[in-house]
Amino acid sequence: MRFRQLGSSDLQVSEVCLGSWLTYGGGVADDRAEACVAKAFEVGINFIDTANVYSGGRAEEFLGEVLADRPRDSYVLATKLYFGMPNGDRGLSREQVHKQIDDSLRRLRTDYVDLYQCHRYDWDTPLEETMEALTEVVRAGKARWLGFSEWPAEKIEEAVNLPGVEKFVSSQPQYSMLWRGPERDVIPASKANGISQIVWSPLAQGILTGKYKPGEPPPEGTRATSESMGHFMDAARDEVLLERVQQLRPIADELGITLAQLAIAWVLREPNVASAIIGASRPEQVEDNVGGVGVHLDEATLGRIDEILGDKVRWEGPAS
Ligand SMILES: NC(=O)c1ccc[n+]([C@@H]2O[C@H](COP(=O)([O-])OP(=O)(O)OC[C@H]3O[C@@H](n4cnc5c(N)ncnc54)[C@H](OP(=O)(O)O)[C@@H]3O)[C@@H](O)[C@H]2O)c1
């Protein structure tokens with residue numbers, strides 16, 4: 001495994017991070033989920049990402065249980081707040097920041113998280129209030145560092161320029177061969193301010209592994225066929241896209257790697273990316289995906305990828 005520094009923090013994070021959206025405490029059975037976490041540690045992953053909202057709090061509870069026996073300083077733990085919880089709690093007000101961190105710490109069975117992230121920008125709360133509350137959380141020792149997910153560049157700039165508050169060290173955008181919006185302004189704004197990207201859906205939820213074939217129904221047991229996890233998988237029905245992904249296969253073959261590894265290597269080619277946050281429903285997937293660490297993609301290869309994917313590459317801005 002290789003490690004990168006997370007922005008201006010003192011955290012060294014593995015280039016692959018294990019995420020828990022939809023999967024743990026949710027669509028993946030606990031014993032299989034536990035095997036994925038064990039495999040992650042076995043292959044050198046030291047970075048785990050979750051959120052209060054994942055499976056309505058159950059992802060954090062699951063992680064609290066399976067991480068309980070590991071030394072707390074042997075891994076970097078990240079969670080988030082903002083989205084609506086089952087009891088109606090939501091947003092980044094001072095009250096919510098204090099309430100949500102305490103609820104997350106209780107579910108995660110720990111005294112602190114290494115990274116506390118704002119899952120989206122809260123347009124209903126003044127930025128000063130959010131940043132002051134987050135600063136109080138850091139100074140109380142409940143979170144070591146702060147991050148955000150899918151914030152617009154102008155709000156990143158505004159936040160880092162506020163006086164007297166803790167600074168963000170990480171940004172969590174969607175980023176993959178197919179989703180490149182962050183290159184427009186989030187990555188430049190981050191680079192200028194000591195902020196790294198930790199990127200979500202680097203495999204486009206499995207599409208970039210090539211297992212969804214054009215003209216064939218999605219294979220049984222995949223996210224696209226899952227009742228609880230398949231809601232955001234429209235791309236698995238885009239025949240043109242699926243065909244183009246298959247055209248990437250010779251590139252991976254020539255490099256002696258899998259398509260999943262090509263997708264991971266592609267996001268890690270960007271120096272401002274500290275880690276690729278993968279999901280995994282099986283331990284073998286964790287093993288496959290970390291094989292993308294340390295694979296160098298030269299300019300000619302990157303050019304071929306761009307040519308094949310063509311107009312299937314999307315450039316939307318942040319989801320906030
Ligand atoms: N900040 C945000 O707003 C946000 C949003 C979304 C996600 N995230 C974070 O990012 C993490 C990753 O997101 P994601 O789950 O969409 O990421 P992803 O890595 O793009 O997709 C993961 C899914 O692809 C399939 N897969 C993974 N590796 C595979 C392999 N080697 N071969 C074949 N299939 C494979 C698995 O699904 P099946 O086996 O079920 O097909 C797996 O659950 C989340 O867990 C979460 O922590 C953050």
# chains A, B, ... in the order shown; residues from 1 in each chain; ligands from 1

$ closest_atom_pairs --of "region 34-86 of chain A" --to "region 115-126 of chain A" --cutoff "6 Å" --atoms "only C-alpha atoms" --output "CSV"
residue,atom,partner,partner_atom,distance
A:Ala78,CA,A:Leu115,CA,4.5
A:Thr79,CA,A:Tyr116,CA,5.4
A:Lys80,CA,A:Gln117,CA,4.4
A:Leu81,CA,A:Cys118,CA,5.4
A:Tyr82,CA,A:His119,CA,5.4

$ write_last_selection --atoms "N, CA and C atoms" --output "JSON list (two decimals), in the first residue's frame"
[["chain", "number", "residue", "atom", "x", "y", "z"],
["A", 78, "ALA", "N", -13.21, 8.62, 9.10],
["A", 78, "ALA", "CA", -13.88, 9.83, 8.60],
["A", 78, "ALA", "C", -15.38, 9.63, 8.61],
["A", 79, "THR", "N", -16.12, 10.63, 9.09],
["A", 79, "THR", "CA", -17.57, 10.58, 8.94],
["A", 79, "THR", "C", -18.08, 11.94, 8.47],
["A", 80, "LYS", "N", -19.39, 12.08, 8.34],
["A", 80, "LYS", "CA", -19.97, 13.30, 7.76],
["A", 80, "LYS", "C", -21.31, 13.61, 8.41],
["A", 81, "LEU", "N", -21.75, 14.85, 8.20],
["A", 81, "LEU", "CA", -23.11, 15.23, 8.61],
["A", 81, "LEU", "C", -23.68, 16.15, 7.55],
["A", 82, "TYR", "N", -24.96, 16.29, 7.53],
["A", 82, "TYR", "CA", -25.74, 17.24, 6.72],
["A", 82, "TYR", "C", -27.10, 16.65, 6.35]]

$ residues_near_ligand --ligand "ligand 1" --cutoff "7 Å" --atoms "only C-alpha atoms and all ligand atoms" --output "ChimeraX atom specification"
/A:18-23,49-50,119,149-150,172-174,199-206,209,211,221-224,260,277-282,285-286,288-289

$ write_last_selection --atoms "C-alpha atoms" --output "PDB file, in the first residue's frame"
ATOM      1  CA  LEU A  18     -12.926   1.809   2.247  1.00  0.00           C
ATOM      2  CA  GLY A  19     -16.331   3.495   2.094  1.00  0.00           C
ATOM      3  CA  SER A  20     -19.682   2.381   3.514  1.00  0.00           C
ATOM      4  CA  TRP A  21     -22.475   4.081   1.525  1.00  0.00           C
ATOM      5  CA  LEU A  22     -25.325   1.616   0.766  1.00  0.00           C
ATOM      6  CA  THR A  23     -23.187  -1.375   1.707  1.00  0.00           C
ATOM      7  CA  ASP A  49     -15.153   6.601   5.321  1.00  0.00           C
ATOM      8  CA  THR A  50     -18.726   6.720   6.554  1.00  0.00           C
ATOM      9  CA  HIS A 119     -21.672  16.181   3.359  1.00  0.00           C
ATOM     10  CA  SER A 149     -18.082  17.086   0.167  1.00  0.00           C
ATOM     11  CA  GLU A 150     -19.370  18.638  -3.060  1.00  0.00           C
ATOM     12  CA  GLN A 172     -14.891  14.655  -1.173  1.00  0.00           C
ATOM     13  CA  PRO A 173     -16.193  14.926  -4.745  1.00  0.00           C
ATOM     14  CA  GLN A 174     -17.449  12.352  -7.189  1.00  0.00           C
ATOM     15  CA  VAL A 199     -12.884  10.840  -4.265  1.00  0.00           C
ATOM     16  CA  TRP A 200     -16.127   8.870  -4.300  1.00  0.00           C
ATOM     17  CA  SER A 201     -17.414   6.332  -6.801  1.00  0.00           C
ATOM     18  CA  PRO A 202     -14.034   6.008  -8.566  1.00  0.00           C
ATOM     19  CA  LEU A 203     -15.459   2.890 -10.252  1.00  0.00           C
ATOM     20  CA  ALA A 204     -18.730   4.673 -11.123  1.00  0.00           C
ATOM     21  CA  GLN A 205     -20.453   2.203  -8.754  1.00  0.00           C
ATOM     22  CA  GLY A 206     -18.997  -0.773 -10.619  1.00  0.00           C
ATOM     23  CA  THR A 209     -15.103  -2.637 -13.799  1.00  0.00           C
ATOM     24  CA  LYS A 211     -18.962  -6.272 -15.498  1.00  0.00           C
ATOM     25  CA  GLY A 221     -25.855 -10.108  -7.297  1.00  0.00           C
ATOM     26  CA  THR A 222     -24.545  -6.761  -8.572  1.00  0.00           C
ATOM     27  CA  ARG A 223     -25.533  -3.316  -7.316  1.00  0.00           C
ATOM     28  CA  ALA A 224     -27.625  -2.687 -10.433  1.00  0.00           C
ATOM     29  CA  ALA A 260     -11.119  -1.815 -11.875  1.00  0.00           C
ATOM     30  CA  ILE A 277     -12.888   5.794  -1.706  1.00  0.00           C
ATOM     31  CA  ILE A 278     -14.120   2.440  -2.934  1.00  0.00           C
ATOM     32  CA  GLY A 279     -17.222   0.511  -2.050  1.00  0.00           C
ATOM     33  CA  ALA A 280     -16.936  -3.267  -1.815  1.00  0.00           C
ATOM     34  CA  SER A 281     -19.553  -5.954  -1.434  1.00  0.00           C
ATOM     35  CA  ARG A 282     -16.959  -8.760  -1.404  1.00  0.00           C
ATOM     36  CA  GLN A 285     -13.149  -6.607  -4.749  1.00  0.00           C
ATOM     37  CA  VAL A 286     -11.006  -4.874  -2.126  1.00  0.00           C
ATOM     38  CA  ASP A 288      -8.715  -6.265  -6.912  1.00  0.00           C
ATOM     39  CA  ASN A 289      -9.090  -2.525  -6.409  1.00  0.00           C
TER      40      ASN A 289
END

$ residues_around --residues "Pro318 (chain A)" --least-positions-apart "2" --cutoff "12 Å" --atoms "only C-alpha atoms" --output "PyMOL selection string"
chain A and resi 119-121+148-156+171-175+179-187+314-316+320

$ write_last_selection --atoms "N, CA and C atoms" --output "compact mmCIF listing (two decimals), in the first residue's frame"
# COMPACT_ATOMS: atom_id res chain seq x y z
N HIS A 119 -21.31 17.05 4.50
CA HIS A 119 -21.67 16.18 3.36
C HIS A 119 -22.11 17.01 2.14
N ARG A 120 -22.72 18.18 2.38
CA ARG A 120 -23.06 19.15 1.33
C ARG A 120 -22.96 20.54 1.94
N TYR A 121 -23.09 21.57 1.10
CA TYR A 121 -23.18 22.93 1.62
C TYR A 121 -24.60 23.17 2.12
N PHE A 148 -15.07 18.73 3.55
CA PHE A 148 -16.41 18.96 2.99
C PHE A 148 -16.57 18.04 1.79
N SER A 149 -17.79 17.91 1.34
CA SER A 149 -18.08 17.09 0.17
C SER A 149 -18.97 17.88 -0.77
N GLU A 150 -18.55 18.01 -2.02
CA GLU A 150 -19.37 18.64 -3.06
C GLU A 150 -19.75 20.08 -2.73
N TRP A 151 -18.79 20.84 -2.25
CA TRP A 151 -19.05 22.27 -2.06
C TRP A 151 -18.62 23.02 -3.31
N PRO A 152 -19.36 24.09 -3.67
CA PRO A 152 -18.92 24.91 -4.81
C PRO A 152 -17.63 25.66 -4.48
N ALA A 153 -16.84 25.93 -5.52
CA ALA A 153 -15.51 26.54 -5.32
C ALA A 153 -15.61 27.86 -4.55
N GLU A 154 -16.66 28.65 -4.81
CA GLU A 154 -16.70 29.97 -4.13
C GLU A 154 -16.92 29.80 -2.63
N LYS A 155 -17.62 28.75 -2.22
CA LYS A 155 -17.83 28.52 -0.78
C LYS A 155 -16.56 27.95 -0.13
N ILE A 156 -15.78 27.20 -0.91
CA ILE A 156 -14.49 26.71 -0.39
C ILE A 156 -13.61 27.93 -0.09
N SER A 171 -11.56 17.46 0.57
CA SER A 171 -12.74 17.66 -0.26
C SER A 171 -13.15 16.29 -0.77
N GLN A 172 -14.45 15.99 -0.73
CA GLN A 172 -14.89 14.66 -1.17
C GLN A 172 -15.85 14.79 -2.35
N PRO A 173 -15.33 14.82 -3.57
CA PRO A 173 -16.19 14.93 -4.74
C PRO A 173 -16.36 13.59 -5.44
N GLN A 174 -17.40 13.48 -6.26
CA GLN A 174 -17.45 12.35 -7.19
C GLN A 174 -16.38 12.61 -8.25
N TYR A 175 -15.56 11.59 -8.53
CA TYR A 175 -14.49 11.78 -9.52
C TYR A 175 -14.10 10.41 -10.08
N TRP A 179 -16.49 11.01 -14.65
CA TRP A 179 -17.08 12.15 -13.93
C TRP A 179 -15.94 13.08 -13.53
N ARG A 180 -15.72 14.13 -14.34
CA ARG A 180 -14.50 14.92 -14.17
C ARG A 180 -14.74 16.36 -13.74
N GLY A 181 -15.97 16.68 -13.34
CA GLY A 181 -16.30 18.04 -12.94
C GLY A 181 -15.30 18.69 -11.98
N PRO A 182 -14.78 17.95 -10.99
CA PRO A 182 -13.88 18.59 -10.02
C PRO A 182 -12.65 19.24 -10.65
N GLU A 183 -12.27 18.78 -11.86
CA GLU A 183 -11.08 19.36 -12.49
C GLU A 183 -11.30 20.83 -12.86
N ARG A 184 -12.58 21.22 -13.05
CA ARG A 184 -12.86 22.59 -13.52
C ARG A 184 -12.46 23.63 -12.49
N ASP A 185 -13.00 23.53 -11.26
CA ASP A 185 -12.64 24.56 -10.29
C ASP A 185 -12.41 24.06 -8.86
N VAL A 186 -12.95 22.87 -8.50
CA VAL A 186 -12.78 22.40 -7.11
C VAL A 186 -11.33 21.98 -6.85
N ILE A 187 -10.72 21.28 -7.81
CA ILE A 187 -9.32 20.87 -7.60
C ILE A 187 -8.40 22.11 -7.59
N ARG A 314 -18.56 13.24 -18.17
CA ARG A 314 -19.43 14.33 -17.70
C ARG A 314 -18.63 15.33 -16.88
N TRP A 315 -19.03 16.60 -16.99
CA TRP A 315 -18.25 17.69 -16.42
C TRP A 315 -19.08 18.56 -15.46
N GLU A 316 -20.17 17.99 -14.92
CA GLU A 316 -21.02 18.78 -14.03
C GLU A 316 -20.24 19.29 -12.81
N SER A 320 -23.95 20.21 -4.73
CA SER A 320 -24.62 21.09 -3.76
C SER A 320 -25.53 22.07 -4.47

$ residues_around --residues "Ser275 (chain A)" --least-positions-apart "6" --cutoff "6 Å" --atoms "only C-alpha atoms" --output "PyMOL selection string"
chain A and resi 15-16+198

$ write_last_selection --atoms "N, CA and C atoms" --output "compact mmCIF listing (two decimals), in the first residue's frame"
# COMPACT_ATOMS: atom_id res chain seq x y z
N GLU A 15 -3.82 5.11 -0.21
CA GLU A 15 -4.33 5.61 -1.49
C GLU A 15 -5.69 5.03 -1.85
N VAL A 16 -6.07 3.96 -1.17
CA VAL A 16 -7.44 3.46 -1.29
C VAL A 16 -8.08 3.52 0.10
N ILE A 198 -10.52 13.39 -1.65
CA ILE A 198 -10.71 11.95 -1.41
C ILE A 198 -11.98 11.64 -2.20

$ residues_around --residues "Arg2 (chain A)" --least-positions-apart "6" --cutoff "8 Å" --atoms "only C-alpha atoms" --output "PDB file with C-alpha atoms, in the first residue's frame"
ATOM      1  CA  SER A  14      -3.801   4.913   2.201  1.00  0.00           C
ATOM      2  CA  GLU A  15      -4.326   5.614  -1.490  1.00  0.00           C
ATOM      3  CA  VAL A 293      -2.204   1.538  -6.487  1.00  0.00           C
ATOM      4  CA  GLY A 294       1.219   2.336  -7.944  1.00  0.00           C
TER       5      GLY A 294
END

$ select_by_dssp --residues "region 85-263 of chain A" --states "strand (DSSP E)" --output "MDAnalysis selection string"
chainID A and resid 113:118 143:148 168:171 196:200

$ atom_distance --atom1 "CA of Arg107 (chain A)" --atom2 "CA of Lys142 (chain A)"
13.5 Å

$ select_by_dssp --residues "region 83-270 of chain A" --states "alpha helix (DSSP H)" --output "number ranges by chain"
A: 94-108, 127-139, 153-160, 186-191, 239-247, 249-255, 259-268

$ residues_around --residues "region 168-170 of chain A" --least-positions-apart "5" --cutoff "8 Å" --atoms "only C-alpha atoms" --output "list in words"
Leu6, Gly7, Ser8, Ser9, Trp145, Leu146, Gly147, Phe148, Val160, Gly194, Ile195, Ser196, Gln197 and Ile198 of chain A

$ closest_residue --among "A:Pro214, A:Ser176, A:Ala133, A:Asp30" --to "Ala263 (chain A)" --atoms "only C-alpha atoms"
A:Ser176

$ residues_around --residues "region 301-306 of chain A" --least-positions-apart "4" --cutoff "12 Å" --atoms "only C-alpha atoms" --output "ChimeraX atom specification"
/A:176-180,208,244-252,254-255,259,262-263,265-267,269-270,295-297,310-314

$ decode --residues "region 180-197 of chain A" --atoms "C-alpha atoms" --output "PDB file, in the first residue's frame"
ATOM      1  CA  ARG A 180     -14.502  14.917 -14.172  1.00  0.00           C
ATOM      2  CA  GLY A 181     -16.303  18.042 -12.937  1.00  0.00           C
ATOM      3  CA  PRO A 182     -13.882  18.585 -10.021  1.00  0.00           C
ATOM      4  CA  GLU A 183     -11.081  19.363 -12.495  1.00  0.00           C
ATOM      5  CA  ARG A 184     -12.864  22.587 -13.517  1.00  0.00           C
ATOM      6  CA  ASP A 185     -12.640  24.562 -10.288  1.00  0.00           C
ATOM      7  CA  VAL A 186     -12.779  22.398  -7.112  1.00  0.00           C
ATOM      8  CA  ILE A 187      -9.322  20.873  -7.605  1.00  0.00           C
ATOM      9  CA  PRO A 188      -7.688  24.249  -8.459  1.00  0.00           C
ATOM     10  CA  ALA A 189      -9.373  25.922  -5.432  1.00  0.00           C
ATOM     11  CA  SER A 190      -8.268  23.014  -3.229  1.00  0.00           C
ATOM     12  CA  LYS A 191      -4.654  22.973  -4.413  1.00  0.00           C
ATOM     13  CA  ALA A 192      -4.330  26.644  -3.574  1.00  0.00           C
ATOM     14  CA  ASN A 193      -5.561  26.063  -0.021  1.00  0.00           C
ATOM     15  CA  GLY A 194      -3.902  22.916   1.343  1.00  0.00           C
ATOM     16  CA  ILE A 195      -6.906  20.699   0.586  1.00  0.00           C
ATOM     17  CA  SER A 196      -6.730  17.171  -0.892  1.00  0.00           C
ATOM     18  CA  GLN A 197      -9.450  15.275  -2.723  1.00  0.00           C
TER      19      GLN A 197
END
